[in-house]
Structure formats: C-alpha cells, structure tokens
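What follows is the content of my_file22.csv (CSV, C-alpha atoms).
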chain,number,residue,atom,x,y,z
A,1,MET,CA,-11.7,-1.4,24.0
A,2,ARG,CA,-12.6,-4.7,22.5
A,3,GLU,CA,-11.8,-6.5,25.9
A,4,ARG,CA,-13.3,-3.7,28.1
A,5,TYR,CA,-16.7,-4.0,29.6
A,6,ALA,CA,-19.3,-1.3,28.9
A,7,THR,CA,-23.0,-1.1,29.2
A,8,THR,CA,-23.3,-0.1,25.5
A,9,GLU,CA,-20.9,0.2,22.6
A,10,LEU,CA,-21.6,3.9,22.7
A,11,ASP,CA,-20.0,4.1,26.1
A,12,LYS,CA,-16.8,2.6,24.6
A,13,ILE,CA,-16.7,5.2,21.9
A,14,ALA,CA,-17.3,7.9,24.5
A,15,GLY,CA,-14.4,6.5,26.5
A,16,ILE,CA,-12.0,6.5,23.5
A,17,ALA,CA,-12.8,10.2,23.0
A,18,TYR,CA,-10.6,11.2,25.9
A,19,LEU,CA,-7.6,9.4,24.4
A,20,VAL,CA,-7.6,10.8,20.9
A,21,ARG,CA,-7.4,14.5,21.7
A,22,PRO,CA,-10.6,15.7,19.9
A,23,GLY,CA,-11.0,19.4,19.2
A,24,ARG,CA,-14.3,19.1,21.1
A,25,ILE,CA,-16.2,16.3,22.9
A,26,GLN,CA,-19.3,15.1,21.1
A,27,ILE,CA,-22.6,15.3,23.0
A,28,TYR,CA,-23.6,11.8,24.2
A,29,ASN,CA,-26.7,10.7,22.2
A,30,GLU,CA,-28.0,7.3,23.3
A,31,LYS,CA,-30.3,7.2,20.2
A,32,GLN,CA,-27.3,7.5,17.9
A,33,SER,CA,-26.2,4.4,16.0
A,34,VAL,CA,-22.8,3.0,16.9
A,35,GLU,CA,-21.3,3.7,13.4
A,36,ASP,CA,-22.7,7.3,13.5
A,37,ALA,CA,-21.1,7.9,16.9
A,38,TRP,CA,-17.8,6.4,15.6
A,39,ALA,CA,-17.9,8.6,12.5
A,40,ALA,CA,-18.6,11.7,14.6
A,41,LEU,CA,-15.5,10.9,16.7
A,42,ILE,CA,-13.3,10.4,13.7
A,43,ALA,CA,-14.4,13.8,12.5
A,44,VAL,CA,-13.1,15.6,15.6
A,45,MET,CA,-10.2,13.4,16.8
A,46,GLY,CA,-6.7,14.9,16.8
A,47,ILE,CA,-4.9,15.2,13.4
A,48,VAL,CA,-2.1,12.8,14.4
A,49,HIS,CA,-4.5,10.2,15.8
A,50,ARG,CA,-6.5,10.3,12.5
A,51,ALA,CA,-3.3,9.5,10.6
A,52,HIS,CA,-2.5,6.7,13.1
A,53,LEU,CA,-5.9,5.1,12.4
A,54,PHE,CA,-5.2,5.3,8.6
A,55,TYR,CA,-1.8,3.6,8.8
A,56,TRP,CA,-2.4,1.3,11.7
A,57,TYR,CA,-5.5,-0.5,10.5
A,58,PRO,CA,-4.3,-2.9,7.8
A,59,VAL,CA,-7.3,-3.1,5.4
A,60,ALA,CA,-9.8,-0.7,3.9
A,61,GLY,CA,-12.8,0.4,5.9
A,62,THR,CA,-16.1,-1.2,5.2
A,63,ASP,CA,-18.6,1.5,6.3
A,64,ARG,CA,-18.6,5.1,5.1
A,65,TYR,CA,-14.8,5.5,4.6
A,66,ALA,CA,-12.1,3.4,3.0
A,67,TRP,CA,-9.4,5.2,4.8
A,68,ALA,CA,-10.7,4.5,8.3
A,69,PRO,CA,-12.1,1.2,9.7
A,70,SER,CA,-15.8,0.9,10.8
A,71,TRP,CA,-16.5,0.4,14.5
A,72,ALA,CA,-17.5,-3.2,13.7
A,73,GLN,CA,-14.1,-3.8,12.2
A,74,MET,CA,-12.4,-2.3,15.2
A,75,MET,CA,-14.2,-4.7,17.5
A,76,GLU,CA,-14.2,-7.9,15.4
A,77,GLU,CA,-11.0,-8.1,13.5
A,78,LEU,CA,-7.7,-9.4,14.9
A,79,VAL,CA,-5.3,-6.5,14.3
A,80,PRO,CA,-1.5,-6.9,14.5
A,81,PRO,CA,-0.1,-4.8,17.4
A,82,ALA,CA,1.5,-1.5,16.3
A,83,GLU,CA,4.2,-0.3,18.6
A,84,VAL,CA,4.2,3.2,17.2
A,85,GLY,CA,3.7,5.2,20.3
A,86,ILE,CA,2.6,8.8,19.6
A,87,MET,CA,5.1,9.5,16.8
A,88,ASP,CA,4.0,11.8,14.0
A,89,MET,CA,3.1,9.3,11.3
A,90,GLY,CA,1.2,12.0,9.5
A,91,ARG,CA,-1.3,14.8,10.0
A,92,PHE,CA,-4.7,14.4,8.6
A,93,GLU,CA,-7.3,17.2,8.6
A,94,PHE,CA,-11.0,16.5,8.4
A,95,ASP,CA,-13.3,18.8,6.5
A,96,ALA,CA,-16.7,18.6,8.2
A,97,ALA,CA,-18.5,20.3,5.2
A,98,THR,CA,-17.4,17.7,2.6
A,99,LYS,CA,-16.8,14.9,5.1
A,100,SER,CA,-13.4,14.3,3.6
A,101,CYS,CA,-9.9,13.7,5.1
A,102,LYS,CA,-6.8,15.3,3.7
A,103,GLY,CA,-3.1,15.1,4.5
A,104,TYR,CA,0.2,16.3,3.0
A,105,CYS,CA,1.9,13.0,2.4
A,106,ASN,CA,4.9,11.1,0.9
A,107,VAL,CA,3.5,9.6,-2.3
A,108,PHE,CA,4.5,7.2,-5.1
A,109,ASN,CA,2.0,7.6,-7.9
A,110,ASP,CA,3.2,4.7,-10.0
A,111,ALA,CA,4.1,1.5,-8.2
A,112,PHE,CA,3.9,-2.3,-8.4
A,113,VAL,CA,3.4,-4.7,-5.5
A,114,LEU,CA,4.9,-8.1,-6.1
A,115,ARG,CA,4.5,-11.5,-4.3
A,116,LEU,CA,1.5,-10.6,-2.3
A,117,ASP,CA,-1.1,-11.9,-4.7
A,118,SER,CA,-1.8,-14.9,-2.5
A,119,SER,CA,-3.5,-14.7,0.9
A,120,VAL,CA,-1.3,-17.6,2.3
A,121,SER,CA,1.9,-16.9,4.2
A,122,ASP,CA,4.8,-19.3,4.7
A,123,PRO,CA,4.4,-21.1,7.0
A,124,VAL,CA,0.6,-21.4,6.4
A,125,ALA,CA,-1.2,-18.9,8.6
A,126,ARG,CA,-4.2,-20.0,10.6
A,127,GLY,CA,-7.5,-18.4,11.2
A,128,THR,CA,-10.0,-16.7,8.9
A,129,SER,CA,-9.8,-13.0,9.8
A,130,SER,CA,-8.6,-10.7,7.0
A,131,CYS,CA,-6.5,-9.1,9.7
A,132,ASP,CA,-4.3,-11.6,11.6
A,133,ASP,CA,-1.3,-11.1,13.8
A,134,LYS,CA,-0.1,-14.6,12.9
A,135,VAL,CA,0.1,-13.7,9.2
A,136,GLU,CA,3.4,-12.6,7.7
A,137,ARG,CA,3.6,-12.5,4.0
A,138,ARG,CA,6.8,-11.1,2.4
A,139,GLY,CA,6.9,-9.3,-0.9
A,140,LYS,CA,8.4,-6.3,-2.5
A,141,VAL,CA,7.3,-3.0,-4.1
A,142,VAL,CA,8.8,-1.4,-7.2
A,143,VAL,CA,8.5,2.4,-7.2
A,144,THR,CA,9.7,5.1,-9.6
A,145,ASP,CA,11.5,8.1,-8.3
A,146,LYS,CA,11.2,11.7,-9.6
A,147,ALA,CA,13.8,11.0,-12.3
A,148,GLY,CA,11.9,8.0,-13.6
A,149,GLN,CA,14.3,5.4,-12.2
A,150,ALA,CA,12.9,2.2,-10.7
A,151,HIS,CA,13.7,1.0,-7.1
A,152,GLU,CA,12.8,-2.1,-5.2
A,153,PHE,CA,12.1,-2.4,-1.5
A,154,GLY,CA,11.1,-5.4,0.6
A,155,VAL,CA,7.7,-5.3,2.4
A,156,ILE,CA,5.7,-7.4,4.8
A,157,ALA,CA,1.9,-7.8,4.9
A,158,ASN,CA,0.3,-8.8,8.3
A,159,HIS,CA,-3.1,-9.5,6.7
A,160,ARG,CA,-4.7,-11.7,4.1
A,161,LYS,CA,-5.7,-9.0,1.6
A,162,THR,CA,-4.3,-10.1,-1.9
A,163,ILE,CA,-2.7,-7.5,-4.1
A,164,SER,CA,-2.6,-8.1,-7.8
A,165,GLU,CA,0.8,-8.0,-9.5
A,166,ALA,CA,-0.7,-6.8,-12.7
A,167,ALA,CA,-2.1,-3.5,-11.4
A,168,ARG,CA,-0.4,-0.2,-10.9
A,169,TYR,CA,-0.9,1.4,-7.4
A,170,VAL,CA,-0.5,4.6,-5.6
A,171,LEU,CA,1.6,4.2,-2.3
A,172,VAL,CA,1.3,6.6,0.6
A,173,LEU,CA,4.3,6.4,3.0
A,174,SER,CA,4.0,7.3,6.7
A,175,ASN,CA,6.4,9.9,8.2
A,176,TRP,CA,7.8,7.2,10.5
A,177,PHE,CA,8.0,3.4,10.9
A,178,GLY,CA,7.7,2.5,7.2
A,179,PHE,CA,4.0,2.0,6.9
A,180,LEU,CA,2.9,2.0,3.2
A,181,ALA,CA,-0.8,2.4,2.3
A,182,VAL,CA,-1.6,0.7,-1.0
A,183,GLY,CA,-4.4,2.1,-3.0
A,184,THR,CA,-5.7,3.8,-6.2
A,185,LYS,CA,-7.0,7.2,-7.1
A,186,ASP,CA,-10.6,7.5,-8.2
A,187,GLY,CA,-12.1,9.7,-10.8
A,188,ALA,CA,-12.1,12.6,-8.4
A,189,GLY,CA,-8.5,12.1,-7.6
A,190,ARG,CA,-9.1,10.8,-4.1
A,191,PHE,CA,-6.9,8.1,-2.7
A,192,ARG,CA,-8.9,4.9,-2.0
A,193,LYS,CA,-7.1,2.7,0.5
A,194,ILE,CA,-6.8,-1.0,-0.3
A,195,CYS,CA,-4.5,-2.2,2.5
A,196,VAL,CA,-1.4,-1.3,4.4
A,197,ILE,CA,2.0,-3.1,4.3
A,198,CYS,CA,5.3,-2.4,6.0
A,199,VAL,CA,8.7,-1.7,4.6
A,200,THR,CA,11.4,-4.1,5.9
A,201,GLY,CA,14.7,-2.9,7.1
A,202,GLY,CA,13.5,-0.4,9.6
A,203,GLU,CA,14.2,3.3,9.5
A,204,THR,CA,17.1,2.9,7.0
A,205,GLN,CA,14.8,1.6,4.3
A,206,HIS,CA,12.1,4.0,5.3
A,207,GLY,CA,14.6,6.9,4.9
A,208,ALA,CA,15.7,5.6,1.5
A,209,MET,CA,12.1,5.5,0.3
A,210,GLU,CA,11.3,8.9,1.7
A,211,ALA,CA,14.3,10.4,-0.1
A,212,ILE,CA,13.0,9.5,-3.5
A,213,CYS,CA,9.2,9.9,-3.2
A,214,GLY,CA,7.1,13.0,-4.0
A,215,ARG,CA,5.2,15.1,-1.5
A,216,GLU,CA,1.6,16.2,-2.2
A,217,ASP,CA,-1.8,16.9,-0.7
A,218,VAL,CA,-3.9,13.7,-0.7
A,219,ILE,CA,-7.6,13.6,-0.2
A,220,PHE,CA,-8.8,10.3,1.1
A,221,ALA,CA,-12.0,8.5,0.1
Translate the structure of the given file into structure tokens.
Amino acid sequence: MRERYATTELDKIAGIAYLVRPGRIQIYNEKQSVEDAWAALIAVMGIVHRAHLFYWYPVAGTDRYAWAPSWAQMMEELVPPAEVGIMDMGRFEFDAATKSCKGYCNVFNDAFVLRLDSSVSDPVARGTSSCDDKVERRGKVVVTDKAGQAHEFGVIANHRKTISEAARYVLVLSNWFGFLAVGTKDGAGRFRKICVICVTGGETQHGAMEAICGREDVIFA
C-alpha cells in the first residue's frame, strides 16, 4: 500500500481490510485517526494474518503495541521482502476487552544472541532506516533445551537493531520459515518484542529448533 495512491491514508487501511480476512469489516469513520483505524483493523484481522504481521515486521512497534508495527512504520520503513505466502506461521487471537494478543507458540525462555551487537553488516550496509533490505548481519543464538543442554544455531538479521550479548532473551519461533522473535517478558509475564531474526539453514534448522523448544501460551505486549 505504500506505493498505492489513495485520497487518504484511511482509504488504504480500508483497502487492506479485504485482504486480511477480518471477522468483520470496520465502519469507515473519516474522523478517526490513522493509527486508531489501523489498531481497529489489527483487532479484527484473521488470526494467521496477525501472526504474519508479528513475525514479518522486523522491529518492535512504536505506537500502542510492541508486537505489531504502527501504520507510520508500515508506510515509512524499508522492510525486507518476506516470501512466506499464506503458510501458518502461528495463530494469534486478539482479546478486545483487554486489547491483548495471545498465541500458543514455540518458545525458548532462556537464550543468548551473539554477534548482533553492532548495527553494521559486512559489507557495510547503506541507508539509515532501522529496517533495510540491504542489511544482512550474521550471528548465532544459544538456546537451552528442556533437558538443560545448550545448542547453537546460526541466524541472520535484516535490520539494524542491535542485540546485547550480555542479556538473556526469550525467543518465540514461528511454525514455519524459521522466524525468531527476540524479546523479554515484563512484570506481567507478557512477551515484549525487540526484533525478529531468521534461522539459517532453512527448514532443516527450523525443524531442529522446533524439536527442542517448549510450547506455551504467550501474551504479547
């Protein structure tokens, strides 16, 4: 929609509504702010599309949710293309009463992310956007399986978000394609997304990670 012409940004959001299989179509309100209209669509879009939004957008949201990008981010940031089709990367329900998103996910609750503490790739990436399809930083994650044994996996970051090597993280793994959301849990136990990285090695490595992770309900901030 970034390249599409529309009379207003609200028209673009209304157009997207037909693509994300909402449970119901929101009433068009020309007095509504763009971010309010976008948040209203997020609340009713299909459960698979909500998960796609979480894994596909590579950094944390800057408006009301960390797990989902703001409309401004969607329109302004350069986002690496994600050739994920309509595969089931996850299923995220939205609770309108609490305005929270929840999914039953593959989770590593104690992980380290290494070699991604610099925003510069090799060769040096150009541009200033935090999301950049010309950026490819390679690192690795160290995760612990259910028996307490450590495992290492190669990862790629297509963005400039730095990840400290000194901190422990929670990783949420997509059902397909090896997307790893890096984040922490807040005092209420909600997962707060920091960024998304990708496992190298395709479905083989993804399957190896999926075999050793835990499964649990995750509430997203």
Calculate how many Å separate atom CA of Tyr55 of chain A from atom CA of Gln149 of chain A, rounding to one decimal.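 Taking atom CA of Tyr55 of chain A as the start and atom CA of Gln149 of chain A as the end point, the length is 26.5 Å.
For the choices A:Asn106, A:Thr8, A:Ser174, A:Ser118, the atom-to-atom distance to Lys161 of chain A is smallest for A:Ser118 when using all atoms listed in the file.
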Taken to one decimal, the atom CA of Leu116 of chain A-atom CA of Gly214 of chain A distance is 24.3 Å
Segment 41-53 of chain A: which residues within 9 Å, counting only C-alpha atoms, same-chain residues fewer than 3 positions away excluded, as JSON, numbers by chain? {"A": [13, 14, 16, 17, 19, 20, 21, 22, 23, 24, 25, 26, 36, 37, 38, 56, 57, 67, 68, 69, 84, 86, 87, 88, 89, 90, 91, 92, 93, 94, 95, 96, 99, 100, 101, 103, 174]}
May I have the residues within 12 Å of Thr144 of chain A as a PDB file with C-alpha atoms, in the frame of the given file, using only C-alpha atoms and disregarding those fewer than 2 positions away in the same chain?
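Okay, selection-v7.pdb is ready:
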ATOM      1  CA  VAL A 107       3.500   9.600  -2.300  1.00  0.00           C
ATOM      2  CA  PHE A 108       4.500   7.200  -5.100  1.00  0.00           C
ATOM      3  CA  ASN A 109       2.000   7.600  -7.900  1.00  0.00           C
ATOM      4  CA  ASP A 110       3.200   4.700 -10.000  1.00  0.00           C
ATOM      5  CA  ALA A 111       4.100   1.500  -8.200  1.00  0.00           C
ATOM      6  CA  PHE A 112       3.900  -2.300  -8.400  1.00  0.00           C
ATOM      7  CA  VAL A 141       7.300  -3.000  -4.100  1.00  0.00           C
ATOM      8  CA  VAL A 142       8.800  -1.400  -7.200  1.00  0.00           C
ATOM      9  CA  LYS A 146      11.200  11.700  -9.600  1.00  0.00           C
ATOM     10  CA  ALA A 147      13.800  11.000 -12.300  1.00  0.00           C
ATOM     11  CA  GLY A 148      11.900   8.000 -13.600  1.00  0.00           C
ATOM     12  CA  GLN A 149      14.300   5.400 -12.200  1.00  0.00           C
ATOM     13  CA  ALA A 150      12.900   2.200 -10.700  1.00  0.00           C
ATOM     14  CA  HIS A 151      13.700   1.000  -7.100  1.00  0.00           C
ATOM     15  CA  GLU A 152      12.800  -2.100  -5.200  1.00  0.00           C
ATOM     16  CA  PHE A 153      12.100  -2.400  -1.500  1.00  0.00           C
ATOM     17  CA  ARG A 168      -0.400  -0.200 -10.900  1.00  0.00           C
ATOM     18  CA  TYR A 169      -0.900   1.400  -7.400  1.00  0.00           C
ATOM     19  CA  VAL A 170      -0.500   4.600  -5.600  1.00  0.00           C
ATOM     20  CA  LEU A 171       1.600   4.200  -2.300  1.00  0.00           C
ATOM     21  CA  MET A 209      12.100   5.500   0.300  1.00  0.00           C
ATOM     22  CA  ALA A 211      14.300  10.400  -0.100  1.00  0.00           C
ATOM     23  CA  ILE A 212      13.000   9.500  -3.500  1.00  0.00           C
ATOM     24  CA  CYS A 213       9.200   9.900  -3.200  1.00  0.00           C
ATOM     25  CA  GLY A 214       7.100  13.000  -4.000  1.00  0.00           C
TER      26      GLY A 214
END
Please determine, counting only C-alpha atoms, which residue among A:Glu77, A:Asn175, A:Val182, A:Tyr104 has the shortest atom-to-atom distance to Glu203 of chain A.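 Of the candidates, the smallest distance to Glu203 of chain A is held by A:Asn175.
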